[in-house]
Structure formats: C-alpha cells, structure tokens
Amino acid sequence: MAADLPAAGEYRPLFFDESNPQDAARLTALRADSTVEFSDLRDLLRAEFESLVAPPELSEGSEFDRWVFYPWRNIVLGLPGPQLLRIVRLDRNRNNLTYAEQERLGALSVGVVGQSVGHAVAYTLALEGICGRLRLADFDAVELINLNRLPGTLFDIGENKAVVTARRIAELDPYLPVEVWQEGVTDENLEAFLTDLSIVVDECDSFDIKLALREGARSRRMPLLMQTSDRGLLDVERFDLEPERPPFHGLIGDIGTAQLRGLTPREKAPYLIRILDGRNLSSRGAASMVELGESLNSWPQLGSEVLHGGSSIATAVRRLGLGLKLPSGRTRLDLERSLDELAEPDPFEDLVWAEPPPEEPSPESGIAAVLFCAQRAPSVGNAQPWTLGVDAGSVTISLAPERSSIVDIAYRGSAMAVGAALYNAKAAAAALGILGNSEFRIDGPGQFQAVLRPGTNTDPVLARDYPALLARRTNRHFGSGAPMPAPALEALSTVAADAGVVLRSVTDPADIERLALLLGESDRVRYLTPRLHREMLSELRWPGDDARTGMDLRTLDLADDELAKLEIARRADVMELVRAWEGGFALGESSRGRIRTSSAVVAVTFPAPVPDDTAELVAYARAGEAVQRVWIEAERHGLAVQPVSPAFLYVRRPEDVDRVSPEFADTLTSVQGRFLGLLGVPDNETMAVVLRLSYAVAPTVRSRRLPVPGAETRG
C-alpha cells in the first residue's frame with residue numbers, strides 16, 4: 001500500500017469514504033494487511049457529543065464519517081465528520097472562546113517559518129483550533145540535540161522538522177489542512193509561501209530570511225509575529241495597519257535584504273544584538289553569547305521557554321483574528337521575573353458585621369407612635385420612597401421621587417408603598433384612639449401624598465393589626481414545601497376581598513415550579529440589564545454600610561455558596577460577557593430555589609386603572625393598604641412572607657417594558673404573559689404585589705429604617 005500513497009502521505013493522513021467503491025476497495029486491502037491496525041472511535045465520540053451541555057446544532061450526519069489512515073503509524077481510525085470532531089474537541093474552550101469566535105478564527109491561514117519554537121506555535125494554534133489552515137516551513141531534520149525543546153521523540157530523528165510538526169497536528173485533528181515546505185523559505189519561494197496567509201510567524205534562525213519575511217509581509221500588508229525565548233520576548237509588527245512601518249521596529253535602520261546579504265557574520269552581529277535587545281537579555285542568555293563557538297555549539301533554549309513562546313504567539317493570533325487590541329511593539333512575558341514577584345495572596349476576609357444597634361421601642365402614644373409605625377411599612381428594596389412629616393397637626397406621607405427605581409414605572413410601586421405606610425399609620429392611630437379621616441392628594445407628576453388627620457376615633461379591625469404591623473418581617477428563608485391548608489388560603493382571600501382586592505394564588509407544586517422558572521428568568525434579566533444590575537447592587541448593604549435603607553445582606557438569608565456566587569454576579573464585566581453569550585440561567589438559581597420551597601405564590605390584584613390617570617396612583621396606594629392586611633393575616637396563620645418583585649411587576653403597556661429593559665423587552669413581555677396566565681390574572685386586573693408564602697424558620701435580621709421626625713427609628 002505504501003507505494004500507492006501520495007507524497008503528502010508522509011505527513012498527512014489519507015481519508016476513505018466507505019460508500020465510495022474505490023475507497024472501499026483500498027480499505028479492504030488495508031484490512032487484509034496484518035501490520036495495519038484498525039480502531040473505530042465513532043460511537044465513542046458521538047456519545048461524547050451527546051453528553052455536551054447545549055452544543056450547537058450539527059449540520060452533518062453519518063455520511064461525513066471517514067476512515068483515516070496514518071501511514072507513519074500504520075493505523076486506521078474510524079472518525080465522525082469534521083464538524084462533530086471540532087465541536088467535541090474544542091468544547092472546553094467555551095467560553096474563553098465562543099462558538100462564533102471559534103468560527104471566525106477558523107478562517108485564519110497562518111504561516112510558521114522555523115519549527116523549533118515554531119513547532120510549539122503551530123501545535124498550540126491547532127490545539128486551540130484558532131486557525132483554519134497552517135503552512136509550515138523548515139529545511140532541517142530533527143536531531144537528538146533538538147529534543148530538549150522540540151516536543152518530538154526518538155522516532156522522529158532524521159525526519160524533517162516541519163513533517164514532524166504536521167504529523168503531530170494530524171494526530172490531533174486530521175481535518176485541519178496543513179502544508180509542509182520541506183525546503184524551508186528561500187528567496188525563490190518566499191512570495192509563494194506568503195500568498196493567501198492571514199498572519200506570518202517568524203521563528204527561523206536566518207537573519208536574511210527574517211528580514212525578507214518582513215519585507216514580504218509589509219508589501220502584502222500582513223501582520224508578523226515573532227517570539228524569542230529569552231525572557232519571553234514577543235514582537236508584534238502590524239504591517240497590515242502600518243504598511244510604511246520599518247522592519248524590526250526600526251531597530252536595524254534602513255538596511256535591506258540586498259545589503260544584509262553582503263555582510264559577514266561579524267558585521268551582522270550588531271544588528272542581531274539590537275533585535276535581541278542585548279541590554280535586557282537575561283544574565284544567563286547574555287553570558288551564553290560570550291561562549292558561542294567556544295564552550296557552546298549554539299544559542300541555548302529551554303523547553304519550558306519554547307512552549308511558553310507557543311502560548312504567547314497563540315494569544316497574539318487570537319487577538320488579531322478577533323480584531324482585539326494588539327498594536328505594534330514588543331513586550332516581555334517573563335516567567336522568571338513573575339516568579340521573583342511571588343507574594344502572599346490577600347487574605348480572604350469573612351464578612352464581619354458590627355452588632356446592630358438595639359431596636360428602638362415604639363413610642364407609647366401620640367403622633368410619634370403613628371409615625372413610627374408608618375415607617376415600618378414595606379417597600380421594594382427597602383427604599384422607603386416616602387417622606388414623613390406633620391403639617392398642621394396632620395400626619396403626611398409624601399412620595400419621594402428621588403427614591404424611585406427603574407422598575408417603579410410611573411411611581412406605581414412608590415404609591416403602593418405610600419398606601420402601605422398610611423395603613424400602618426391608621427392602625428396605630430386606631431389602637432391609640434386618635435384615628436381621624438385620611439385622604440390622598442395629587443398635586444402634579446410625582447407629587448403624591450397621603451394625609452391622616454388625628455381624631456378621637458378607633459377601629460377594632462385596624463387596632464387589632466397594630467402590634468402585628470410593628471412585628472411584621474420579610475422572611476427569605478427556604479421553606480419546607482408543606483402544603484398550605486385550605487382554611488388559611490380562604491382566610492387570606494376573605495381579607496383581600498374585604499379590602500377591595502383579589503388574591504390570585506398558585507398552590508400546585510407543578511405550577512409553583514413553572515412560576516419559579518419564570519421568576520428566575522426575571523432575575524436573569526435584572527442581572528444582565530446594565531441599569532437594573534447597577535440599581536440592584538446599589539440596594540445591597542455590606543458590612544460598614546449604612547443599612548437604614550436598602551437591603552442588609554443578612555436579611556437576604558443567603559447561604560455561603562450564594563454569597564460566594566454574588567461576588568461574581570456583582571461584577572459588571574462578567575455580566576456583560578454572560579449577556580453577550582446569551583447565557584445566565586444560573587443567575588436565577590436563588591429565586592428558583594426559594595420559590596420551589598413555597599407553600600403558595602399569591603398575587604394581590606385590583607381593577608386596572610387607566611395608565612397615567614390621576615386616579616392610578618390612588619388605586620395603587622389603596623392596593624398597598626390591602627397588601628398590609630393580607631400580609632398580617634398570612635403571618636397570623638404561621639406563614640413566612642416574602643415579597644417578590646419581578647422586573648415586570650409594574651409593567652402595564654409595551655413602552656413600560658422598553659423602559660425597564662430595552663435589551664430584554666421581548667423576554668420580559670413573554671415571561672409576564674405566562675406569569676399572569678398561571679396566576680389566572682384577567683386583562684382587566686393588574687398586580688400590586690407578588691408574595692411567596694411558606695413555612696420557614698424565623699429570620700435572624702430585620703431591615704432597619706430611616707429616622708422620622710421626633711424619633712430615631714430602627715428595627
């Protein structure tokens with residue numbers, strides 16, 4: 001068989017399609033040869049493909065399978081087609097390289113001249129799959145003296161260096177086209193070698209050819225890279241961007257190849273020293289130059305430095321291929337110096353919280369007690385979007401637009417919080433026997449106010465809620481998942497109806513799971529929308545922060561692994577990449593996990609007012625009053641209550657969702673529609689709040705509050 005093989009068979013494998021009669025005959029002959037080994041890897045590699053998470057869709061089937069014969073090994077492998085092989089082999093590149101980036105890099109043609117450091121370069125490019133074609137040149141054969149740095153074996157001695165590189169690459173990816181120029185690069189073939197290349201890498205020893213390569217690359221506007229092992233010296237010459245750029249960064253002046261060839265080795269030496277940057281050579285490298293031809297045969301190189309050089313060139317090729325920043329110039333990627341700079345890592349510091357100040361007791365009587373209770377009302381992100389005051393003896397709760405948020409569209413959420421604060425104030429006044437009339441006022445956009453006038457009345461329903469409102473807490477602990485008794489749900493529905501709202505609930509575990517997925521997707525959108533991400537982080541309070549507003553981390557009841565993940569999720573640069581990769585499902589894991597342990601998920605809904613109508617804020621405020629009644633009733637039944645604020649909570653029309661997240665408007669619209677459908681919310685109703693109800697241990701930390709006139713309120 002060997003006599004029938006084309007010349008490329010000494011470094012390129014041969015492909016056989018079993019459905020082709022001629023190929024089938026040759027395979028039969030190979031099987032009849034007892035010296036040829038067959039190994040079919042197709043089922044094994046297909047099983048690997050099937051085990052991948054979210055692989056791209058295959059556009060090739062079994063008709064692309066091939067038997068691949070490696071003549072230098074006398075082995076035939078059964079392999080799937082090139083697409084499957086590439087996807088599986090490069091899967092661990094994700095997401096350092098995305099599929100799209102990998103495909104873009106697959107269009108590169110790279111020429112590598114010289115196959116010592118060049119072997120490491122070419123193999124690393126193939127290993128990472130960041131080129132679509134390689135052209136290798138070297139006239140020299142492998143000698144034992146090369147095997148301190150060239151990753152070949154004793155079986156390669158006497159073989160052309162470029163052939164050895166090509167064989168090794170073929171055993172990694174037989175489908176990658178590799179050309180071998182066994183005569184090396186010469187004056188006669190230089191133009192042909194450079195034809196159709198995207199990048200040329202210079203790792204040859206000849207000074208004359210080095211200069212000729214640069215002149216050729218410059219004439220073709222082609223970038224050139226070179227790695228010199230000593231102290232990791234990397235040169236980048238962007239002739240594609242700077243066609244007038246002098247070779248070697250101008251370090252050798254304006255000497256050309258014709259002049260250079262007329263110089264003796266001694267006359268060339270000064271130019272070589274400039275290129276090698278003699279002033280910054282390692283001490284061992286510089287001292288070795290003194291010994292060349294005396295006690296040393298040649299310039300010394302270590303295998304680790306050569307392999308490091310392959311890595312640095314591959315990194316530069318990636319940047320070039322992806323259009324990332326890579327200017328002309330030189331740098332040293334010096335491993336020895338890096339090791340000299342070893343230092344102890346910064347110690348990991350556990351979150352250390354100061355002892356919280358003791359809770360201020362509620363004033364026992366008067367307006368101070370009313371204000372204190374009002375300030376205990378819930379709000380999204382504990383923003384407390386109100387200003388409390390006393391005007392002509394009346395308690396005023398004024399919407400504070402400056403504490404609004406992106407998801408608080410048209411101040412709907414703020415108005416609801418104002419209503420909740422009014423309910424708290426009324427309950428305190430009723431319990432203290434100073435309840436009077438209340439009303440809502442609208443004086444203009446964002447100028448919304450609740451007013452409670454003290455009187456001499458009481459109300460047993462309101463008064464009953466007063467101590468419970470002072471003790472009310474958000475509980476974000478995981479629940480037990482125990483079913484919610486029907487009487488408890490009926491009691492909540494009755495309270496809601498008495499307050500003029502509707503309780504829409506989901507208690508079936510399968511439906512709760514569906515809601516968990518939808519709320520997790522909403523959280524993903526919140527993380528991946530830059531403005532929402534910034535706002536979410538601004539709400540969090542870490543040790544040392546003023547926690548009288550926002551979310552003290554401890555109130556989130558995050559497990560250690562959730563806190564660790566938050567360190568990553570809070571990084572805007574990370575979220576930018578995840579968004580670009582269209583990923584981030586894991587970002588909703590915390591919400592999904594908590595929702596799944598719920599006994600019920602409920603929405604408090606009410607008749608949908610006309611958007612932007614002056615009555616809209618009043619409607620949301622009245623719904624806020626009702627929410628407080630539902631919340632307190634749930635706690636009376638031993639339920640843990642956690643308000644859930646999906647990004648679409650206050651979205652009522654298409655332009656609203658664009659305001660919240662223009663990047664994910666379609667996603668939020670879809671999620672909102674499915675969410676409302678699961679809860680059975682009709683078109684003529686809108687949501688005031690979503691509550692997660694569960695049976696859970698009591699929270700350990702309570703959100704604090706801003707001070708109010710006449711009292712320092714904490715608790």
# chains A, B, ... in the order shown; residues from 1 in each chain; ligands from 1
$ residues_around --residues "Pro223 (chain A)" --least-positions-apart "3" --cutoff "8 Å" --atoms "only C-alpha atoms" --output "PDB file with C-alpha atoms, in the first residue's frame"
ATOM      1  CA  SER A 198      -3.561  35.941   7.198  1.00  0.00           C
ATOM      2  CA  ILE A 199      -0.575  36.054   9.582  1.00  0.00           C
ATOM      3  CA  VAL A 200       3.056  35.027   9.347  1.00  0.00           C
ATOM      4  CA  ALA A 217       4.757  40.876   4.885  1.00  0.00           C
ATOM      5  CA  ARG A 218       4.929  44.633   4.574  1.00  0.00           C
ATOM      6  CA  VAL A 236       4.302  42.324  17.005  1.00  0.00           C
ATOM      7  CA  GLU A 237       4.694  44.139  13.689  1.00  0.00           C
ATOM      8  CA  ARG A 238       1.356  45.337  12.304  1.00  0.00           C
ATOM      9  CA  PHE A 239       2.276  45.841   8.657  1.00  0.00           C
ATOM     10  CA  ASP A 240      -1.440  45.417   7.931  1.00  0.00           C
TER      11      ASP A 240
END
$ residues_around --residues "Arg534 (chain A)" --least-positions-apart "5" --cutoff "10 Å" --atoms "only C-alpha atoms" --output "ChimeraX atom specification"
/A:526-529,539,570-572
$ residues_around --residues "Leu553 (chain A)" --least-positions-apart "6" --cutoff "7 Å" --atoms "only C-alpha atoms" --output "ChimeraX atom specification"
/A:540-542
$ write_last_selection --atoms "C-alpha atoms" --output "short mmCIF file (atom, residue, chain, number, x, y, z; two decimals), in the first residue's frame"
data_model
loop_
_atom_site.label_atom_id
_atom_site.label_comp_id
_atom_site.auth_asym_id
_atom_site.auth_seq_id
_atom_site.Cartn_x
_atom_site.Cartn_y
_atom_site.Cartn_z
CA LEU A 540 -27.34 45.94 48.85
CA ARG A 541 -25.73 46.88 52.15
CA TRP A 542 -22.43 45.25 53.12
#
$ select_by_dssp --residues "region 618-709 of chain A" --states "alpha helix (DSSP H)" --output "short mmCIF file (atom, residue, chain, number, x, y, z; two decimals) with C-alpha atoms, in the first residue's frame"
data_model
loop_
_atom_site.label_atom_id
_atom_site.label_comp_id
_atom_site.auth_asym_id
_atom_site.auth_seq_id
_atom_site.Cartn_x
_atom_site.Cartn_y
_atom_site.Cartn_z
CA VAL A 618 -54.56 56.41 44.30
CA ALA A 619 -55.55 52.93 43.09
CA TYR A 620 -52.04 51.59 43.75
CA ALA A 621 -51.97 53.27 47.16
CA ARG A 622 -55.29 51.69 48.16
CA ALA A 623 -53.92 48.34 46.97
CA GLY A 624 -50.91 48.98 49.24
CA GLU A 625 -53.26 49.30 52.21
CA ALA A 626 -54.84 45.97 51.25
CA VAL A 627 -51.43 44.30 50.91
CA GLN A 628 -50.67 45.07 54.55
CA ARG A 629 -53.88 43.37 55.65
CA VAL A 630 -53.10 40.27 53.58
CA TRP A 631 -49.51 40.15 54.86
CA ILE A 632 -50.53 40.35 58.51
CA GLU A 633 -53.22 37.71 58.03
CA ALA A 634 -50.65 35.35 56.47
CA GLU A 635 -48.32 35.77 59.45
CA ARG A 636 -51.22 35.05 61.82
CA PRO A 654 -45.41 48.00 25.75
CA GLU A 655 -43.48 51.21 26.35
CA ASP A 656 -43.19 50.29 30.04
CA VAL A 657 -41.22 47.14 29.32
CA ASP A 658 -38.91 49.07 26.99
CA ARG A 659 -38.19 51.44 29.84
CA VAL A 660 -37.35 48.61 32.24
CA ALA A 665 -38.16 43.66 26.23
CA ASP A 666 -39.39 40.62 24.30
CA THR A 667 -38.25 38.25 27.05
CA LEU A 668 -40.00 40.21 29.79
CA THR A 669 -43.19 40.53 27.76
CA SER A 670 -43.26 36.77 27.24
CA VAL A 671 -42.45 35.98 30.88
CA GLN A 672 -45.07 38.42 32.16
CA GLY A 673 -47.75 36.94 29.92
CA ARG A 674 -47.05 33.39 31.08
CA PHE A 675 -46.80 34.51 34.72
CA LEU A 676 -50.20 36.25 34.66
CA GLY A 677 -51.68 33.25 32.87
CA LEU A 678 -50.51 30.82 35.56
CA LEU A 679 -51.96 33.02 38.29
#
$ select_by_dssp --residues "region 275-400 of chain A" --states "strand (DSSP E)" --output "list in words"
Gly329, Arg330, Thr331, Arg332, Trp386, Thr387, Leu388, Gly389, Val390, Asp391, Ser394, Val395, Thr396, Ile397, Ser398 and Leu399 of chain A
$ write_last_selection --atoms "N, CA and C atoms" --output "mmCIF file, in the first residue's frame"
data_model
loop_
_atom_site.group_PDB
_atom_site.id
_atom_site.type_symbol
_atom_site.label_atom_id
_atom_site.label_comp_id
_atom_site.auth_asym_id
_atom_site.auth_seq_id
_atom_site.Cartn_x
_atom_site.Cartn_y
_atom_site.Cartn_z
ATOM 1 N N GLY A 329 4.696 46.538 18.455
ATOM 2 C CA GLY A 329 5.560 46.775 19.596
ATOM 3 C C GLY A 329 6.142 45.476 20.102
ATOM 4 N N ARG A 330 6.779 45.557 21.249
ATOM 5 C CA ARG A 330 7.354 44.358 21.861
ATOM 6 C C ARG A 330 7.126 44.391 23.362
ATOM 7 N N THR A 331 7.046 43.203 23.907
ATOM 8 C CA THR A 331 6.861 43.076 25.341
ATOM 9 C C THR A 331 7.580 41.821 25.802
ATOM 10 N N ARG A 332 7.821 41.742 27.076
ATOM 11 C CA ARG A 332 8.434 40.543 27.651
ATOM 12 C C ARG A 332 7.443 39.875 28.593
ATOM 13 N N TRP A 386 -40.798 57.500 50.653
ATOM 14 C CA TRP A 386 -41.728 58.475 51.219
ATOM 15 C C TRP A 386 -40.970 59.412 52.147
ATOM 16 N N THR A 387 -41.593 60.513 52.454
ATOM 17 C CA THR A 387 -41.100 61.431 53.481
ATOM 18 C C THR A 387 -42.226 61.635 54.474
ATOM 19 N N LEU A 388 -41.945 61.353 55.731
ATOM 20 C CA LEU A 388 -42.956 61.507 56.777
ATOM 21 C C LEU A 388 -42.836 62.888 57.409
ATOM 22 N N GLY A 389 -43.972 63.419 57.762
ATOM 23 C CA GLY A 389 -43.954 64.717 58.405
ATOM 24 C C GLY A 389 -45.263 64.996 59.104
ATOM 25 N N VAL A 390 -45.304 66.129 59.766
ATOM 26 C CA VAL A 390 -46.509 66.588 60.445
ATOM 27 C C VAL A 390 -46.788 68.002 59.960
ATOM 28 N N ASP A 391 -47.989 68.210 59.417
ATOM 29 C CA ASP A 391 -48.353 69.508 58.864
ATOM 30 C C ASP A 391 -49.697 69.921 59.446
ATOM 31 N N SER A 394 -51.531 67.244 61.125
ATOM 32 C CA SER A 394 -51.840 66.044 60.350
ATOM 33 C C SER A 394 -50.563 65.305 59.974
ATOM 34 N N VAL A 395 -50.662 63.989 59.953
ATOM 35 C CA VAL A 395 -49.541 63.157 59.504
ATOM 36 C C VAL A 395 -49.537 63.154 57.976
ATOM 37 N N THR A 396 -48.392 63.462 57.382
ATOM 38 C CA THR A 396 -48.262 63.459 55.917
ATOM 39 C C THR A 396 -47.240 62.413 55.498
ATOM 40 N N ILE A 397 -47.609 61.669 54.490
ATOM 41 C CA ILE A 397 -46.710 60.660 53.909
ATOM 42 C C ILE A 397 -46.574 61.033 52.437
ATOM 43 N N SER A 398 -45.462 61.670 52.096
ATOM 44 C CA SER A 398 -45.274 62.219 50.750
ATOM 45 C C SER A 398 -44.369 61.319 49.927
ATOM 46 N N LEU A 399 -44.791 61.006 48.712
ATOM 47 C CA LEU A 399 -43.965 60.196 47.819
ATOM 48 C C LEU A 399 -42.655 60.924 47.551
#
$ closest_residue --among "A:Leu172, A:Leu105, A:Leu556, A:Leu27" --to "Arg473 (chain A)" --atoms "only C-alpha atoms"
A:Leu556
$ atom_distance --atom1 "CA of Glu183 (chain A)" --atom2 "CA of Val142 (chain A)"
14.0 Å
$ residues_around --residues "Leu97 (chain A)" --least-positions-apart "5" --cutoff "12 Å" --atoms "only C-alpha atoms" --output "list in words"
Leu90, Asp91, Arg92, Gln102, Glu103, Arg104, Leu105, Gly106, Glu128, Gly129, Ile130, Thr315, Arg318, Arg319, Gly321, Leu322, Leu577, Ala580 and Trp581 of chain A
$ write_last_selection --atoms "C-alpha atoms" --output "PDB file, in the first residue's frame"
ATOM      1  CA  LEU A  90     -12.933  22.311  21.448  1.00  0.00           C
ATOM      2  CA  ASP A  91     -15.852  22.244  23.877  1.00  0.00           C
ATOM      3  CA  ARG A  92     -13.586  23.069  26.807  1.00  0.00           C
ATOM      4  CA  GLN A 102     -14.077  29.920  17.127  1.00  0.00           C
ATOM      5  CA  GLU A 103     -15.689  30.009  13.697  1.00  0.00           C
ATOM      6  CA  ARG A 104     -14.218  33.425  13.000  1.00  0.00           C
ATOM      7  CA  LEU A 105     -10.745  32.258  13.977  1.00  0.00           C
ATOM      8  CA  GLY A 106     -11.240  29.167  11.813  1.00  0.00           C
ATOM      9  CA  GLU A 128      -6.853  25.696  20.400  1.00  0.00           C
ATOM     10  CA  GLY A 129      -8.497  25.422  16.991  1.00  0.00           C
ATOM     11  CA  ILE A 130      -7.776  29.084  16.236  1.00  0.00           C
ATOM     12  CA  THR A 315      -2.638  34.564  22.335  1.00  0.00           C
ATOM     13  CA  ARG A 318      -6.390  35.165  18.860  1.00  0.00           C
ATOM     14  CA  ARG A 319      -6.326  38.911  19.309  1.00  0.00           C
ATOM     15  CA  GLY A 321      -8.168  37.126  14.473  1.00  0.00           C
ATOM     16  CA  LEU A 322     -10.878  38.619  16.702  1.00  0.00           C
ATOM     17  CA  LEU A 577     -19.925  38.691  28.814  1.00  0.00           C
ATOM     18  CA  ALA A 580     -23.126  38.555  25.016  1.00  0.00           C
ATOM     19  CA  TRP A 581     -23.131  34.750  25.296  1.00  0.00           C
TER      20      TRP A 581
END
$ atom_distance --atom1 "CA of Gln115 (chain A)" --atom2 "CA of Phe193 (chain A)"
15.1 Å
$ closest_residue --among "A:Val525, A:Cys373, A:Gln384, A:Leu190" --to "Glu576 (chain A)" --atoms "only C-alpha atoms"
A:Val525
$ closest_residue --among "A:Arg261, A:Arg441, A:Arg376, A:Arg504" --to "Leu470 (chain A)" --atoms "only C-alpha atoms"
A:Arg376
